[in-house]
Each structure stands twice: as C-alpha cells, then as structure tokens.
Amino acid sequence: MSVGNSVKASSPLEFDPFSEEFFAGAYATFRRLRDEQPVYYNAKWDFWALSRYEDVAPATKDHETFSSAKGATLDVVKAHDDAIPPPKVIISMDPPEHQKMRKLVSSVFTPRAIASLEEMVREKIYERLDAIDPAAFDVVADFSALFPNEVITTMLGVPKEDRHQIRVWLDLLLERNPGEIAVPREGFEASVNTGIYYYKLIQQRRERPEDDMISRLIETEVERDGHVDKLTDVDIAGFATLLGGAGAETVTKLIGNAMVAFADFPDQWQSLRRDRSKIPAAIEELLRYEAPSQYQVRTATRDVTLHGVTIPKGSAVLLLTASATRDERMFPDPDRLDIDRERKMGFNLAFGYGVHSCLGAALARMESRIALNALLDLLPEYQVDRTGLKRVAMSNVAGYSNVPVRRAS
Ligand code: HEM
C-alpha cells in the first residue's frame, strides 16, 4: 500500500536525504534505486548509497570496509576532515575502540537490568494515556513523543523537572532545515546544552551516587589485559546525549508509524486485537515496513566494486536499511504490512546488524509491546485524520510528529 512519494519512472533518479521528498517518505525512490542504480552516487552532497538487501546487510556487518569512525550522520562525516572532531561516542567508533566502549556501557543494558524496568515503563506509558481524551488525540504529540523520553531520562537519573527541557533540546538537535545538510544553530546549541547538563549531573552523582544509570556508569570498570578501563565524564555525557536520540526518538517514530500503517491495513489491527500474542511479531514487521532509522552512514576504507560500479576509498556511504527491508528480492509483496509474515533473516536490519547493532533493542521492544497493547485497548477501531498528518524533517530518524486519531464508535 504505502510506497511513500510518487516518483515517475521517467524522471531523473535523485535520492536526497535532506529533501522534502525524502522527509515525506522515500519508498518509491528506494524502489527505483534498487531497480535502476543499486550503487547510487549523489553529486550534490557527495555520497554513495546502497539499497538492495543483498548489498546493505553484508555492508552493515563489514565494519572493516564500512567504517563508523568518521561519524554516524552525513553532516558529521562531511565536517570531519576540516573541523575539530566532536567527542567520540560509541556509535562513531570502530573496533577495537568500539569493543572497549561497548563492554563498558553494556553493563547497564543486561537482559536482567532491562527486565527490571518493566514496571517503570508501564507506569510512564499509562500515565500518558490517562492524561488524554481517548475519543480523539494525537498518537505522537500526546503520547509517543513523550513516554520514551520519560523512560530514558528516568533511567539516567534526570530529575523530573528537567525532563521536558531535555526533550525540547533533543528535538532541536535532530531537526534539519529541508535542503540543508548542516545542523541548524539551534540544534548545535541544544547539543552543547545537553552535554553540559549531563556533565553537571555526573558531578552531582560522583559526590552522591543514586540508584540510576549515570551512577552505575561512573562505577563501571572493565578489566582487560591486566589494566582497568573506566568511563570518563565526557564519555558518560556523550553516551547520555546519544541515548536521547537513539533511544527516545526512535520509539516515538515506531509508534506513530505503526498507527498510520495499521490504519492503512485495518485487518492487521483487528487480527492483533484478536490475538495479542502476535504483538512481538507485529513489532518486527512494523520495523521492517517503516523503520524509524532509515539509513546508517559509513565511510569506505577501500575501493569497493558492486554491480560493476566502484565506490572510491574515503567515500561516505549510506546503507539504506529501510530500503533493504522493502526489497522485493528478499520479501514477497514488501509494501504490504503482514504481521504473520514468515520471519527470516533480515527483519532485524532496523536495529542495525553487526558490531553496532542496537544496544537498546530489548528495551525498545518492551516499550513498543506495552504501548501497542494499551492502544489496542483504547482504540478497538480508529481513523487517522490524514489532513493532520505531519512528518518530521530530521537527520537519520523518519516518521511523524503528528498522527491525529479518532476512535470509531
Ligand atoms: C524502535 C526503536 C529503535 C530503533 C529502530 C533503533 C535502531 C538502531 C540502529 C539502526 C542502530 C545501529 C546504528 C549503526 O549501525 O550505526 C542502533 C544503535 C544503537 N541504539 Fe538503537 N534503536 C532503537 C531504540 C533504542 C533504545 C531504546 C536505546 C537505548 C535506550 C538505543 C540505543 C542504541 C545505542 C546506544 C546504539 C549504538 C550501539 C553501538 O554503536 O554499538 N536504541 N539503534
């Protein structure tokens, strides 16, 4: 059903991740890329893009050829050579540096640590739903834009009164002006302010530790080759800032995208209502169908030749995971949301693949499971007010800022 924008096959093929067309939904462009230029070059922004599953999946796993070290967003990669590099965060590290960091931060994401959060997550989700009018509300603005930030900031130990400010900075940090690659000034300031905020919070926790993630990250030690690794304050502030974007905005988009997708395929919503045990499978299918993170940015460490085209060493490469999971060569009838779809390798590309695969996947799945279950109760049947649908213009995350829904009586 939803193939996003309508791009005429005869028009020149352009994929621009900073364009209005991309923000409006790029699935028709993705299809043309897969069919016509599986190794695509964009001269305007000087990057390459891979779009077929058979190319994207192995590239995402091959961190030696496709490096993250210059950054995880195109603006950072492009600015890398002529600017002072930003503080290193896990998502823009290669092994062995990445392995060391991943070991340190994984200690706060163990399956047991995540499972112990379920009650808190449930509380945050129902707190939000209790505050809305179930007959008509905005699934994103009134609900999914709010609870994931509450969850992450609560985990980190941000006091209640500061959590809203963190979310406002987070939106600014990710927003882009269509047609521009650079982070707007407000976004840059928001990123500095978030970093400073966490830096100060870390100082407080060093003096008086509490039962929160920041205190645990301060204490974390990993012994390797006879010496002990610890996280610096800058490491922790960078990680906390990253978690906002990686952990909050993605879940926000997943739930918004889900409610639009289910409105397009109402039989799937009804099927889920009849059998809630299908919720985990539905989440995987939603991630395949419209991934909140549409592409991962890498830098080629050597010349790479695919389909007779050579990507030169040093090039920025966008691995279009959202296109790969709609690849008809891999998934039959890929533009159809089908929660009973056979689950085979490839579904989890939406959480990345290889060394950088999503550290918060278990938490994201838990949040989405509880949220969808609650929405199934609240909206047995519903309509989306399509005139009120609004999509975000953001770097790396895609989806809606507004999804107004009305319960059908
Ligand atoms: C639906 C929700 C989510 C989606 C679709 C998602 C997607 C992704 C993807 C695609 C990557 C790989 C990036 C790359 O290869 O460059 C990633 C990495 C990461 N995600 Fe998630 N994520 C989600 C939720 C979360 C949550 C809830 C958290 C934490 C609270 C989180 C934390 C992270 C971190 C820390 C990384 C970096 C891991 C590394 O570099 O080793 N994510 N995520």
# chains A, B, ... in the order shown; residues from 1 in each chain; ligands from 1
>>> residues_near_ligand(ligand="ligand 1", cutoff="8 Å", atoms="only C-alpha atoms and all ligand atoms", output="JSON, numbers by chain")
{"A": [60, 68, 72, 89, 90, 91, 92, 93, 98, 102, 148, 152, 239, 242, 243, 244, 246, 247, 248, 249, 250, 251, 252, 253, 254, 287, 291, 292, 293, 294, 295, 296, 297, 298, 321, 349, 350, 351, 352, 353, 354, 355, 356, 357, 358, 359, 360, 361, 362, 363, 364, 365, 367, 368]}
>>> select_by_dssp(residues="range 18-262 of chain A", states="helix (DSSP H, G or I)", output="PyMOL selection string")
chain A and resi 20-23+27-36+53-61+74-80+90-92+97-106+111-115+118-130+139-144+147-156+160-174+185-207+213-219+233-262
>>> residues_around(residues="Glu186 in chain A", least_positions_apart="5", cutoff="10 Å", atoms="only C-alpha atoms", output="JSON, numbers by chain")
{"A": [169, 172, 173, 175, 191, 192]}
>>> write_last_selection(atoms="all heavy atoms", output="PDB file, in the first residue's frame")
ATOM      1  N   TRP A 169      15.425  20.023  23.828  1.00  0.00           N
ATOM      2  CA  TRP A 169      16.773  20.071  23.225  1.00  0.00           C
ATOM      3  C   TRP A 169      16.945  18.940  22.216  1.00  0.00           C
ATOM      4  O   TRP A 169      17.536  19.123  21.163  1.00  0.00           O
ATOM      5  CB  TRP A 169      17.843  19.953  24.319  1.00  0.00           C
ATOM      6  CG  TRP A 169      18.095  21.206  25.079  1.00  0.00           C
ATOM      7  CD1 TRP A 169      17.888  22.485  24.640  1.00  0.00           C
ATOM      8  CD2 TRP A 169      18.596  21.321  26.413  1.00  0.00           C
ATOM      9  NE1 TRP A 169      18.242  23.376  25.620  1.00  0.00           N
ATOM     10  CE2 TRP A 169      18.679  22.698  26.710  1.00  0.00           C
ATOM     11  CE3 TRP A 169      18.995  20.408  27.388  1.00  0.00           C
ATOM     12  CZ2 TRP A 169      19.142  23.161  27.930  1.00  0.00           C
ATOM     13  CZ3 TRP A 169      19.463  20.858  28.603  1.00  0.00           C
ATOM     14  CH2 TRP A 169      19.525  22.227  28.879  1.00  0.00           C
ATOM     15  N   LEU A 172      15.417  19.699  18.886  1.00  0.00           N
ATOM     16  CA  LEU A 172      16.219  20.707  18.180  1.00  0.00           C
ATOM     17  C   LEU A 172      17.493  20.087  17.605  1.00  0.00           C
ATOM     18  O   LEU A 172      17.932  20.408  16.503  1.00  0.00           O
ATOM     19  CB  LEU A 172      16.603  21.840  19.140  1.00  0.00           C
ATOM     20  CG  LEU A 172      15.477  22.778  19.546  1.00  0.00           C
ATOM     21  CD1 LEU A 172      15.943  23.737  20.643  1.00  0.00           C
ATOM     22  CD2 LEU A 172      15.010  23.598  18.326  1.00  0.00           C
ATOM     23  N   LEU A 173      18.036  19.166  18.372  1.00  0.00           N
ATOM     24  CA  LEU A 173      19.291  18.525  17.997  1.00  0.00           C
ATOM     25  C   LEU A 173      19.166  17.687  16.717  1.00  0.00           C
ATOM     26  O   LEU A 173      20.094  17.572  15.933  1.00  0.00           O
ATOM     27  CB  LEU A 173      19.640  17.630  19.177  1.00  0.00           C
ATOM     28  CG  LEU A 173      20.981  17.120  19.555  1.00  0.00           C
ATOM     29  CD1 LEU A 173      21.038  17.124  21.083  1.00  0.00           C
ATOM     30  CD2 LEU A 173      21.143  15.716  19.088  1.00  0.00           C
ATOM     31  N   GLU A 175      16.497  18.098  14.405  1.00  0.00           N
ATOM     32  CA  GLU A 175      15.771  18.751  13.306  1.00  0.00           C
ATOM     33  C   GLU A 175      16.718  19.326  12.264  1.00  0.00           C
ATOM     34  O   GLU A 175      17.796  19.819  12.594  1.00  0.00           O
ATOM     35  CB  GLU A 175      14.875  19.875  13.857  1.00  0.00           C
ATOM     36  CG  GLU A 175      13.500  19.362  14.215  1.00  0.00           C
ATOM     37  CD  GLU A 175      12.721  20.299  15.129  1.00  0.00           C
ATOM     38  OE1 GLU A 175      13.083  21.493  15.235  1.00  0.00           O
ATOM     39  OE2 GLU A 175      11.766  19.812  15.755  1.00  0.00           O
ATOM     40  N   SER A 191      22.700  20.711  21.440  1.00  0.00           N
ATOM     41  CA  SER A 191      23.599  19.585  21.702  1.00  0.00           C
ATOM     42  C   SER A 191      24.624  19.973  22.778  1.00  0.00           C
ATOM     43  O   SER A 191      24.910  19.201  23.696  1.00  0.00           O
ATOM     44  CB  SER A 191      24.232  19.160  20.377  1.00  0.00           C
ATOM     45  OG  SER A 191      25.582  19.008  20.473  1.00  0.00           O
ATOM     46  N   VAL A 192      25.144  21.212  22.697  1.00  0.00           N
ATOM     47  CA  VAL A 192      26.096  21.679  23.715  1.00  0.00           C
ATOM     48  C   VAL A 192      25.397  21.747  25.081  1.00  0.00           C
ATOM     49  O   VAL A 192      25.923  21.275  26.095  1.00  0.00           O
ATOM     50  CB  VAL A 192      26.670  23.068  23.322  1.00  0.00           C
ATOM     51  CG1 VAL A 192      27.500  23.660  24.448  1.00  0.00           C
ATOM     52  CG2 VAL A 192      27.500  22.954  22.044  1.00  0.00           C
TER      53      VAL A 192
END
>>> select_by_dssp(residues="range 265-303 of chain A", states="strand (DSSP E or B)", output="list in words")
Ser293, Gln296, Val297, Arg298, Thr299 and Ala300 of chain A
>>> closest_residue(among="A:Glu219, A:Tyr289, A:Arg163, A:Ile114", to="Asp327 in chain A", atoms="only C-alpha atoms")
A:Tyr289
>>> closest_residue(among="A:Asn257, A:Asn149, A:Thr65, A:Ser19", to="Thr301 in chain A", atoms="only C-alpha atoms")
A:Thr65
>>> atom_distance(atom1="CA of Ala408 in chain A", atom2="CA of Pro134 in chain A")
10.7 Å
>>> closest_residue(among="A:Phe109, A:Val234, A:Asp212, A:Thr220", to="Tyr198 in chain A", atoms="only C-alpha atoms")
A:Val234
>>> residues_around(residues="Pro332 in chain A", least_positions_apart="5", cutoff="12 Å", atoms="only C-alpha atoms", output="PyMOL selection string")
chain A and resi 325-327+337-338+341-344
>>> closest_residue(among="A:Ala316, A:Ala281, A:Val108, A:Ile236", to="Met213 in chain A", atoms="only C-alpha atoms")
A:Val108
>>> residues_around(residues="Ser271 in chain A", least_positions_apart="2", cutoff="12 Å", atoms="only C-alpha atoms", output="list in words")
Phe262, Phe265, Pro266, Asp267, Gln268, Trp269, Arg273, Arg274, Asp275, Arg276, Ser277, Lys278, Ile279, Ala282, Asp338, Ile339, Asp340, Leu376, Pro380 and Glu381 of chain A
>>> closest_residue(among="A:Arg52, A:Lys78, A:Arg32, A:Arg406", to="Phe15 in chain A", atoms="only C-alpha atoms")
A:Arg32
